[in-house]
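Student: mmCIF, C-alpha atoms, file protein29.cif:
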data_my_file
loop_
_atom_site.label_atom_id
_atom_site.label_comp_id
_atom_site.auth_asym_id
_atom_site.auth_seq_id
_atom_site.Cartn_x
_atom_site.Cartn_y
_atom_site.Cartn_z
CA MET A 939 1.93 -14.70 -11.83
CA PHE A 940 4.17 -12.15 -10.17
CA LEU A 941 6.47 -13.29 -7.37
CA LEU A 942 5.34 -10.44 -5.13
CA TYR A 943 1.72 -11.43 -5.68
CA HIS A 944 2.54 -14.69 -3.92
CA ILE A 945 4.43 -12.89 -1.16
CA TYR A 946 1.74 -10.39 -0.30
CA ASP A 947 -1.58 -11.92 -1.30
CA LYS A 948 -1.03 -15.55 -0.33
CA LEU A 949 -0.19 -14.72 3.27
CA LYS A 950 -2.81 -16.25 5.61
CA SER A 951 -4.47 -14.22 8.33
CA ALA A 952 -6.51 -15.49 11.26
CA MET A 953 -10.26 -15.33 10.73
CA ILE A 954 -11.56 -12.47 12.81
CA ASP A 955 -14.63 -10.30 13.05
CA LEU A 956 -13.63 -7.24 11.04
CA ASP A 957 -16.31 -5.13 12.68
CA SER A 958 -14.73 -5.78 16.07
CA PHE A 959 -11.28 -5.22 14.59
CA PHE A 960 -12.22 -1.81 13.20
CA ASN A 961 -13.78 -0.83 16.49
CA GLY A 962 -10.73 -1.99 18.42
CA VAL A 963 -8.08 -0.44 16.20
CA GLY A 964 -9.96 2.81 15.75
CA THR A 965 -9.40 5.39 13.06
CA ASN A 966 -6.96 5.41 10.14
CA VAL A 967 -8.03 1.93 8.98
CA ASP A 968 -8.57 0.97 5.34
CA VAL A 969 -9.41 -2.35 3.65
CA TRP A 970 -7.06 -4.66 1.76
CA CYS A 971 -9.05 -7.10 -0.37
CA GLY A 972 -7.27 -10.41 -0.92
CA GLY A 973 -6.79 -12.02 -4.28
CA ASP A 974 -9.33 -14.79 -3.67
CA THR A 975 -12.24 -12.52 -2.65
CA ASN A 976 -15.27 -12.43 -4.94
CA GLY A 977 -19.06 -12.37 -5.14
CA VAL A 978 -20.78 -12.07 -1.78
CA ASP A 979 -17.45 -11.50 -0.03
CA LEU A 980 -16.78 -8.46 -2.22
CA ALA A 981 -20.18 -7.02 -1.37
CA ARG A 982 -19.49 -7.57 2.32
CA MET A 983 -16.05 -5.98 1.97
CA VAL A 984 -17.65 -2.87 0.45
CA GLU A 985 -20.20 -2.80 3.27
CA VAL A 986 -17.45 -3.00 5.90
CA ALA A 987 -15.48 -0.21 4.21
CA THR A 988 -18.44 2.15 3.98
CA GLN A 989 -19.81 1.41 7.45
CA HIS A 990 -16.48 2.17 9.07
CA ASN A 991 -15.66 5.24 6.98
CA ALA A 992 -12.61 3.73 5.34
CA HIS A 993 -10.83 6.08 2.99
CA VAL A 994 -9.60 3.41 0.58
CA VAL A 995 -10.16 -0.17 -0.53
CA SER A 996 -7.16 -1.85 -2.13
CA VAL A 997 -8.02 -4.52 -4.71
CA LEU A 998 -6.42 -6.40 -7.55
CA PRO A 999 -6.97 -4.73 -10.95
CA ASP A 1000 -9.54 -7.22 -12.24
CA VAL A 1001 -11.76 -6.49 -9.22
CA VAL A 1002 -11.95 -2.73 -9.89
CA PRO A 1003 -14.86 -2.94 -12.40
CA THR A 1004 -16.88 -5.01 -9.91
CA VAL A 1005 -16.54 -2.75 -6.88
CA TRP A 1006 -16.67 0.60 -8.67
CA PRO A 1007 -20.49 0.71 -9.10
CA TRP A 1008 -20.90 0.00 -5.37
CA LEU A 1009 -18.40 2.66 -4.29
CA GLU A 1010 -18.89 5.30 -6.98
CA ASN A 1011 -20.78 7.76 -4.77
CA SER A 1012 -19.57 6.58 -1.38
CA GLY A 1013 -16.49 8.75 -0.96
CA VAL A 1014 -14.34 5.61 -0.57
CA LYS A 1015 -11.42 5.50 -2.99
CA ILE A 1016 -10.46 2.42 -4.99
CA TYR A 1017 -6.77 1.61 -5.39
CA GLY A 1018 -5.77 -1.03 -7.91
CA ARG A 1019 -2.87 -3.09 -6.61
CA PHE A 1020 0.02 -3.99 -8.91
CA TYR A 1021 3.16 -6.07 -8.40
CA LEU A 1022 6.40 -5.77 -10.31
CA ASP A 1023 8.35 -8.96 -10.86
CA GLU A 1024 12.10 -9.24 -10.51
CA LYS A 1025 12.52 -8.20 -14.15
CA ILE A 1026 12.32 -4.41 -14.51
CA ASP A 1027 12.70 -3.20 -18.09
CA VAL A 1028 10.98 -1.05 -20.70
CA SER A 1029 8.61 -3.86 -21.67
CA SER A 1030 7.46 -4.71 -18.15
CA LEU A 1031 6.99 -1.05 -17.23
CA SER A 1032 5.07 -0.38 -20.45
CA ASP A 1033 2.76 -3.26 -19.58
CA LEU A 1034 2.34 -1.86 -16.08
CA THR A 1035 1.36 1.61 -17.30
CA ILE A 1036 -1.19 0.12 -19.72
CA LYS A 1037 -2.80 -1.90 -16.92
CA ILE A 1038 -2.84 1.07 -14.54
CA ASN A 1039 -4.45 3.27 -17.17
CA GLN A 1040 -7.07 0.59 -17.81
CA SER A 1041 -7.90 0.38 -14.10
CA PHE A 1042 -8.40 4.15 -14.04
CA LYS A 1043 -10.87 3.86 -16.90
CA TYR A 1044 -12.80 1.29 -14.86
CA GLY A 1045 -13.05 3.66 -11.90
CA ALA A 1046 -9.89 3.33 -9.80
CA ASN A 1047 -8.79 6.48 -7.98
CA GLY A 1048 -5.19 5.40 -7.63
CA ALA A 1049 -2.64 2.62 -7.94
CA MET A 1050 -0.50 0.85 -5.38
CA VAL A 1051 2.66 -0.40 -7.09
CA PHE A 1052 4.64 -2.93 -5.06
CA VAL A 1053 8.28 -3.40 -5.92
CA ARG A 1054 11.38 -4.80 -4.28
CA TYR A 1055 13.54 -2.03 -2.85
CA LYS A 1056 16.50 -3.11 -4.97
CA ASN A 1057 14.37 -2.47 -8.09
CA LEU A 1058 12.85 0.84 -6.98
CA SER A 1059 15.30 3.07 -8.81
CA ALA A 1060 14.85 1.13 -12.06
CA MET A 1061 11.07 1.43 -11.75
CA VAL A 1062 11.27 5.16 -11.08
CA ASP A 1063 13.58 5.63 -14.08
CA GLN A 1064 10.89 4.25 -16.39
CA VAL A 1065 7.74 5.67 -14.79
CA ALA A 1066 8.83 9.17 -13.70
CA PHE A 1067 8.56 10.73 -17.14
CA VAL A 1068 4.93 9.61 -17.61
CA ARG A 1069 3.93 10.07 -13.98
CA ASP A 1070 2.13 13.41 -14.28
CA ASP A 1071 0.11 12.42 -17.34
CA LEU A 1072 -0.72 8.89 -16.22
CA PHE A 1073 -1.64 9.87 -12.66
CA PHE A 1074 -3.36 13.17 -13.37
CA ASN A 1075 -5.85 13.59 -10.50
CA ARG A 1076 -4.98 10.06 -9.35
CA ASP A 1077 -2.88 8.73 -6.46
CA LEU A 1078 0.36 6.80 -6.83
CA VAL A 1079 1.35 4.73 -3.82
CA VAL A 1080 4.73 2.97 -3.84
CA GLY A 1081 4.68 -0.28 -1.86
CA LEU A 1082 7.75 -1.83 -0.24
CA ASP A 1083 8.63 -4.55 2.24
CA ILE A 1084 10.06 -2.73 5.25
CA GLY A 1085 12.34 -5.72 5.79
CA ASP A 1086 14.04 -4.97 2.46
CA VAL A 1087 15.13 -1.48 3.51
CA ASP A 1088 18.30 -1.18 5.56
CA SER A 1089 19.25 1.72 7.80
CA ASP A 1090 21.54 3.28 5.21
CA ASP A 1091 18.90 3.09 2.45
CA TRP A 1092 16.43 5.69 3.71
CA VAL A 1093 18.03 8.72 2.08
CA ASP A 1094 18.07 7.03 -1.32
CA LEU A 1095 14.53 5.74 -0.84
CA PHE A 1096 13.12 9.20 -0.20
CA ARG A 1097 15.07 10.57 -3.15
CA GLU A 1098 13.28 8.07 -5.40
CA LEU A 1099 9.86 8.78 -3.85
CA LYS A 1100 10.35 12.48 -4.53
CA ARG A 1101 11.59 11.80 -8.04
CA ILE A 1102 8.37 9.96 -8.88
CA ASN A 1103 6.21 12.34 -6.83
CA ALA A 1104 4.57 9.50 -4.91
CA SER A 1105 1.30 10.29 -3.13
CA ALA A 1106 2.23 7.87 -0.36
CA VAL A 1107 4.59 5.06 0.56
CA CYS A 1108 3.10 1.84 1.92
CA PHE A 1109 5.18 -0.62 3.95
CA VAL A 1110 4.31 -4.27 4.37
CA LEU A 1111 5.79 -6.74 6.84
CA THR A 1112 6.04 -10.06 5.03
CA LYS A 1113 7.99 -11.88 7.75
CA ASP A 1114 7.21 -11.28 11.40
CA ALA A 1115 9.70 -12.98 13.73
CA GLY A 1116 7.64 -12.15 16.80
CA LYS A 1117 9.78 -11.08 19.76
CA LYS A 1118 12.87 -11.40 17.60
CA SER A 1119 11.45 -9.03 14.99
CA ASP A 1120 13.24 -5.77 14.26
CA PHE A 1121 10.00 -4.16 13.06
CA VAL A 1122 9.96 -1.47 15.76
CA GLY A 1123 13.58 -0.59 15.06
CA ARG A 1124 12.92 -0.32 11.34
CA VAL A 1125 9.89 1.94 11.81
CA TYR A 1126 11.94 4.03 14.25
CA GLY A 1127 14.67 4.37 11.63
CA LEU A 1128 12.14 5.24 8.93
CA LEU A 1129 10.57 8.01 10.99
CA ASN A 1130 13.89 9.50 12.08
CA ALA A 1131 15.07 9.52 8.47
CA TRP A 1132 11.76 10.89 7.12
CA ASP A 1133 12.43 13.57 4.51
CA SER A 1134 10.24 16.59 5.18
CA GLU A 1135 10.55 17.56 1.52
CA PHE A 1136 8.64 14.41 0.59
CA GLY A 1137 5.02 15.52 0.56
CA GLY A 1138 3.48 12.04 0.51
CA ALA A 1139 1.66 10.14 3.25
CA LEU A 1140 2.69 7.08 5.24
CA HIS A 1141 0.71 3.84 4.94
CA PHE A 1142 1.17 0.37 6.41
CA ALA A 1143 -0.27 -2.99 5.36
CA LEU A 1144 0.48 -5.18 8.39
CA GLU A 1145 -2.23 -7.78 7.85
CA ASN A 1146 -4.49 -8.06 10.90
CA ARG A 1147 -1.86 -7.58 13.58
CA PRO A 1148 -3.17 -5.16 16.22
CA GLU A 1149 0.14 -5.17 18.12
CA ARG A 1150 2.16 -4.10 15.08
CA ILE A 1151 -0.42 -1.49 14.13
CA ASP A 1152 -0.35 -0.09 17.65
CA GLN A 1153 3.46 -0.02 17.69
CA ALA A 1154 3.63 1.82 14.39
CA ARG A 1155 0.96 4.32 15.36
CA ARG A 1156 2.58 5.11 18.71
CA LEU A 1157 5.93 5.69 17.03
CA VAL A 1158 4.39 8.03 14.46
CA GLU A 1159 2.57 9.94 17.20
CA SER A 1160 5.79 10.30 19.16
CA ILE A 1161 8.35 10.99 16.42
CA ARG A 1162 6.41 12.40 13.45
CA PRO A 1163 3.02 13.64 14.69
CA GLU A 1164 2.67 15.73 11.55
CA LEU A 1165 2.17 12.47 9.61
CA MET A 1166 -0.85 11.37 11.63
CA SER A 1167 -3.42 13.05 9.40
CA GLY A 1168 -2.33 10.96 6.40
CA LEU A 1169 -1.42 7.78 8.27
CA ARG A 1170 -3.36 4.72 7.07
CA PHE A 1171 -3.38 1.05 8.10
CA PHE A 1172 -4.70 -1.53 5.63
CA VAL A 1173 -6.30 -4.62 7.19
CA ASN A 1174 -7.01 -7.81 5.28
CA TYR A 1175 -10.48 -8.82 4.27
#
With the file now loaded, output its structure as C-alpha cells.

Tutor:
Amino acid sequence: MFLLYHIYDKLKSAMIDLDSFFNGVGTNVDVWCGGDTNGVDLARMVEVATQHNAHVVSVLPDVVPTVWPWLENSGVKIYGRFYLDEKIDVSSLSDLTIKINQSFKYGANGAMVFVRYKNLSAMVDQVAFVRDDLFFNRDLVVGLDIGDVDSDDWVDLFRELKRINASAVCFVLTKDAGKKSDFVGRVYGLLNAWDSEFGGALHFALENRPERIDQARRLVESIRPELMSGLRFFVNY
C-alpha cells in the first residue's frame, strides 16, 4: 500500500450533507471518492456528482469499472487516482503506466498522479517520453501537497509541469494547523509565481473545508482571475 495513499485517503472528514455543501460552496466543485466507498455509497456519489453538475469524479483505479457505466453518457469525467511511493525508478514508473493505461480501457478520462515534490523531477524524467501516447485525448493531473513546496521551488515546479505537459496541477493540504497555518501564504506564493506559459488548470483537494476553499478562491479571483474558468475544488464523499 502506497505511503501517500495513507496520507490522502485515510484522512477523516466530518460527516456533512454534501447537497448543502455543494449549494453553499457554489460552482467549481468536483467529487473526491474515498478509498472505502463502495456499493450504495458509490451510486449515491454518482448521483451527487450528476445532480450538481460536477465536471469530474476522482476515484481509486479499481473503482473505475464500477462507476463508468453510470457516468458514461453523463458528461462527468472519471479520473483514476494514483499514488507514487518514495521509490521512483524505472520499475515503479512502468507499473504506474500499465495501471493508468488499464484504467483508461475501463473508461477513465484522465489520471491524477500524486507524488512528493522531492520526487517530481524523477517522475517526469520517466513519464515525459510516453506522455503523449499514453495520455492521448486524456487528462494528466499532477498532485502535490502544497506544504511540500517552498517559496523557492515554484519556478522548478512549473518547469516540470511544462515538461510533462500536465493538464492541471492539484494541491492537497494534508496538515492544517488552523490559525497557525501558512496555507494562505503558500497559495499567495503559488499564484504570484504562476507561469503563464504553463497551459494547465489549477485544482485543489482541501477535503470539506469551506474556509480554505473560500480563501483559495478569493486569492485566485484577486491575483489570477484568468485561472477561474479552470479552477476546481474536490470535496470528499

Student: Can you tell me which residues surround A:Ser1030 at a distance of at most 12 Å, considering only C-alpha atoms, apart from same-chain residues fewer than 2 positions away, and format the answer as a ChimeraX atom specification?

Tutor: /A:940,1020-1028,1032-1037,1060-1061,1064-1065

Student: Starting from the shown file, work through the PyMOL selection byres ((chain A and resi 971-988) around 8) and note down what comes out as a PDB file with C-alpha atoms, in the coordinates of the input.

Tutor:
ATOM      1  CA  ASP A 947      -1.580 -11.920  -1.300  1.00  0.00           C
ATOM      2  CA  LYS A 948      -1.030 -15.550  -0.330  1.00  0.00           C
ATOM      3  CA  LEU A 956     -13.630  -7.240  11.040  1.00  0.00           C
ATOM      4  CA  ASP A 957     -16.310  -5.130  12.680  1.00  0.00           C
ATOM      5  CA  ASP A 968      -8.570   0.970   5.340  1.00  0.00           C
ATOM      6  CA  VAL A 969      -9.410  -2.350   3.650  1.00  0.00           C
ATOM      7  CA  TRP A 970      -7.060  -4.660   1.760  1.00  0.00           C
ATOM      8  CA  GLN A 989     -19.810   1.410   7.450  1.00  0.00           C
ATOM      9  CA  HIS A 990     -16.480   2.170   9.070  1.00  0.00           C
ATOM     10  CA  ASN A 991     -15.660   5.240   6.980  1.00  0.00           C
ATOM     11  CA  ALA A 992     -12.610   3.730   5.340  1.00  0.00           C
ATOM     12  CA  HIS A 993     -10.830   6.080   2.990  1.00  0.00           C
ATOM     13  CA  VAL A 994      -9.600   3.410   0.580  1.00  0.00           C
ATOM     14  CA  VAL A 995     -10.160  -0.170  -0.530  1.00  0.00           C
ATOM     15  CA  SER A 996      -7.160  -1.850  -2.130  1.00  0.00           C
ATOM     16  CA  VAL A 997      -8.020  -4.520  -4.710  1.00  0.00           C
ATOM     17  CA  LEU A 998      -6.420  -6.400  -7.550  1.00  0.00           C
ATOM     18  CA  VAL A1005     -16.540  -2.750  -6.880  1.00  0.00           C
ATOM     19  CA  TRP A1008     -20.900   0.000  -5.370  1.00  0.00           C
ATOM     20  CA  LEU A1009     -18.400   2.660  -4.290  1.00  0.00           C
ATOM     21  CA  SER A1012     -19.570   6.580  -1.380  1.00  0.00           C
ATOM     22  CA  VAL A1014     -14.340   5.610  -0.570  1.00  0.00           C
ATOM     23  CA  ASN A1174      -7.010  -7.810   5.280  1.00  0.00           C
ATOM     24  CA  TYR A1175     -10.480  -8.820   4.270  1.00  0.00           C
TER      25      TYR A1175
END

Student: Given the PyMOL selection byres ((chain A and resi 1125-1132) around 12) and the file above, list the residues it selects as a PDB file with C-alpha atoms, in the frame of the given file.

Tutor:
ATOM      1  CA  ASP A1083       8.630  -4.550   2.240  1.00  0.00           C
ATOM      2  CA  ILE A1084      10.060  -2.730   5.250  1.00  0.00           C
ATOM      3  CA  GLY A1085      12.340  -5.720   5.790  1.00  0.00           C
ATOM      4  CA  VAL A1087      15.130  -1.480   3.510  1.00  0.00           C
ATOM      5  CA  ASP A1088      18.300  -1.180   5.560  1.00  0.00           C
ATOM      6  CA  SER A1089      19.250   1.720   7.800  1.00  0.00           C
ATOM      7  CA  ASP A1090      21.540   3.280   5.210  1.00  0.00           C
ATOM      8  CA  ASP A1091      18.900   3.090   2.450  1.00  0.00           C
ATOM      9  CA  TRP A1092      16.430   5.690   3.710  1.00  0.00           C
ATOM     10  CA  VAL A1093      18.030   8.720   2.080  1.00  0.00           C
ATOM     11  CA  ASP A1094      18.070   7.030  -1.320  1.00  0.00           C
ATOM     12  CA  LEU A1095      14.530   5.740  -0.840  1.00  0.00           C
ATOM     13  CA  PHE A1096      13.120   9.200  -0.200  1.00  0.00           C
ATOM     14  CA  ARG A1097      15.070  10.570  -3.150  1.00  0.00           C
ATOM     15  CA  LEU A1099       9.860   8.780  -3.850  1.00  0.00           C
ATOM     16  CA  LYS A1100      10.350  12.480  -4.530  1.00  0.00           C
ATOM     17  CA  VAL A1107       4.590   5.060   0.560  1.00  0.00           C
ATOM     18  CA  CYS A1108       3.100   1.840   1.920  1.00  0.00           C
ATOM     19  CA  PHE A1109       5.180  -0.620   3.950  1.00  0.00           C
ATOM     20  CA  VAL A1110       4.310  -4.270   4.370  1.00  0.00           C
ATOM     21  CA  LEU A1111       5.790  -6.740   6.840  1.00  0.00           C
ATOM     22  CA  SER A1119      11.450  -9.030  14.990  1.00  0.00           C
ATOM     23  CA  ASP A1120      13.240  -5.770  14.260  1.00  0.00           C
ATOM     24  CA  PHE A1121      10.000  -4.160  13.060  1.00  0.00           C
ATOM     25  CA  VAL A1122       9.960  -1.470  15.760  1.00  0.00           C
ATOM     26  CA  GLY A1123      13.580  -0.590  15.060  1.00  0.00           C
ATOM     27  CA  ARG A1124      12.920  -0.320  11.340  1.00  0.00           C
ATOM     28  CA  ASP A1133      12.430  13.570   4.510  1.00  0.00           C
ATOM     29  CA  SER A1134      10.240  16.590   5.180  1.00  0.00           C
ATOM     30  CA  GLU A1135      10.550  17.560   1.520  1.00  0.00           C
ATOM     31  CA  PHE A1136       8.640  14.410   0.590  1.00  0.00           C
ATOM     32  CA  GLY A1137       5.020  15.520   0.560  1.00  0.00           C
ATOM     33  CA  GLY A1138       3.480  12.040   0.510  1.00  0.00           C
ATOM     34  CA  ALA A1139       1.660  10.140   3.250  1.00  0.00           C
ATOM     35  CA  LEU A1140       2.690   7.080   5.240  1.00  0.00           C
ATOM     36  CA  HIS A1141       0.710   3.840   4.940  1.00  0.00           C
ATOM     37  CA  PHE A1142       1.170   0.370   6.410  1.00  0.00           C
ATOM     38  CA  ARG A1150       2.160  -4.100  15.080  1.00  0.00           C
ATOM     39  CA  ILE A1151      -0.420  -1.490  14.130  1.00  0.00           C
ATOM     40  CA  ASP A1152      -0.350  -0.090  17.650  1.00  0.00           C
ATOM     41  CA  GLN A1153       3.460  -0.020  17.690  1.00  0.00           C
ATOM     42  CA  ALA A1154       3.630   1.820  14.390  1.00  0.00           C
ATOM     43  CA  ARG A1155       0.960   4.320  15.360  1.00  0.00           C
ATOM     44  CA  ARG A1156       2.580   5.110  18.710  1.00  0.00           C
ATOM     45  CA  LEU A1157       5.930   5.690  17.030  1.00  0.00           C
ATOM     46  CA  VAL A1158       4.390   8.030  14.460  1.00  0.00           C
ATOM     47  CA  GLU A1159       2.570   9.940  17.200  1.00  0.00           C
ATOM     48  CA  SER A1160       5.790  10.300  19.160  1.00  0.00           C
ATOM     49  CA  ILE A1161       8.350  10.990  16.420  1.00  0.00           C
ATOM     50  CA  ARG A1162       6.410  12.400  13.450  1.00  0.00           C
ATOM     51  CA  PRO A1163       3.020  13.640  14.690  1.00  0.00           C
ATOM     52  CA  GLU A1164       2.670  15.730  11.550  1.00  0.00           C
ATOM     53  CA  LEU A1165       2.170  12.470   9.610  1.00  0.00           C
ATOM     54  CA  MET A1166      -0.850  11.370  11.630  1.00  0.00           C
TER      55      MET A1166
END

Student: May I ask which of the residues A:Leu1144, A:Ile1102, A:Gly1168, A:Asp1086 is the closest one to A:Asp1114, counting all atoms listed in the file?

Tutor: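 Looking at the shortest contact to A:Asp1114, the residue is A:Leu1144.
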
Student: One decimal, in Å: what's the spacing between atom CA of A:Pro1003 and atom CA of A:Ser1167?

Tutor: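 Between these atoms lies a distance of 29.4 Å.
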
Student: What's the separation between atom CA of A:Glu1098 and atom CA of A:Val1062, in Å to one decimal place?

Tutor: 6.7 Å

Student: Given the file shown, enumerate the residues that the PyMOL selection byres ((chain A and resi 1078) around 6) captures and present them as a ChimeraX atom specification.

Tutor: /A:1048-1049,1077,1079,1104-1105

Student: Within 6 Å of (-9.3, 3.9, -4.9), in the coordinates the file gives, what residues turn up when you count only C-alpha atoms, written out as a PyMOL selection string?

Tutor: chain A and resi 994+1015-1017+1046-1048

Student: For each of A:Asn1039, A:Ser1029, A:Val967, A:Ala1143, take the minimum atom-to-atom distance to A:Leu1082, counting only C-alpha atoms, then give the residue where this is smallest.

Tutor: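 Answer, going by the shortest atom-to-atom distance: A:Ala1143.
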
Student: How many Å lie between atom CA of A:Leu1169 and atom CA of A:Asn966, rounded to one decimal?

Tutor: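 About the pair atom CA of A:Leu1169 and atom CA of A:Asn966: they are 6.3 Å apart.
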
Student: Which is closer to A:Phe1067 than all the others in A:Val1173, A:Ala1106, A:Val1002, A:Leu1031, using only C-alpha atoms?

Tutor: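 Ranking A:Val1173, A:Ala1106, A:Val1002, A:Leu1031 by distance to A:Phe1067, first place goes to A:Leu1031.
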
Student: Smallest atom-to-atom distance to A:Arg1019: which of A:Phe1052, A:Phe1073, A:Tyr1044, A:Phe1172, using all atoms listed in the file?

Tutor: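 Residue with the minimum atom-to-atom distance to A:Arg1019: A:Phe1052.
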
Student: Identify which of the residues A:Gln1040, A:Ala1066, A:Gly1013, A:Ser1059 lies closest to A:Asp1000, counting all atoms listed in the file when measuring atom-to-atom distances.

Tutor: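 Smallest separation from A:Asp1000 among the options: A:Gln1040.
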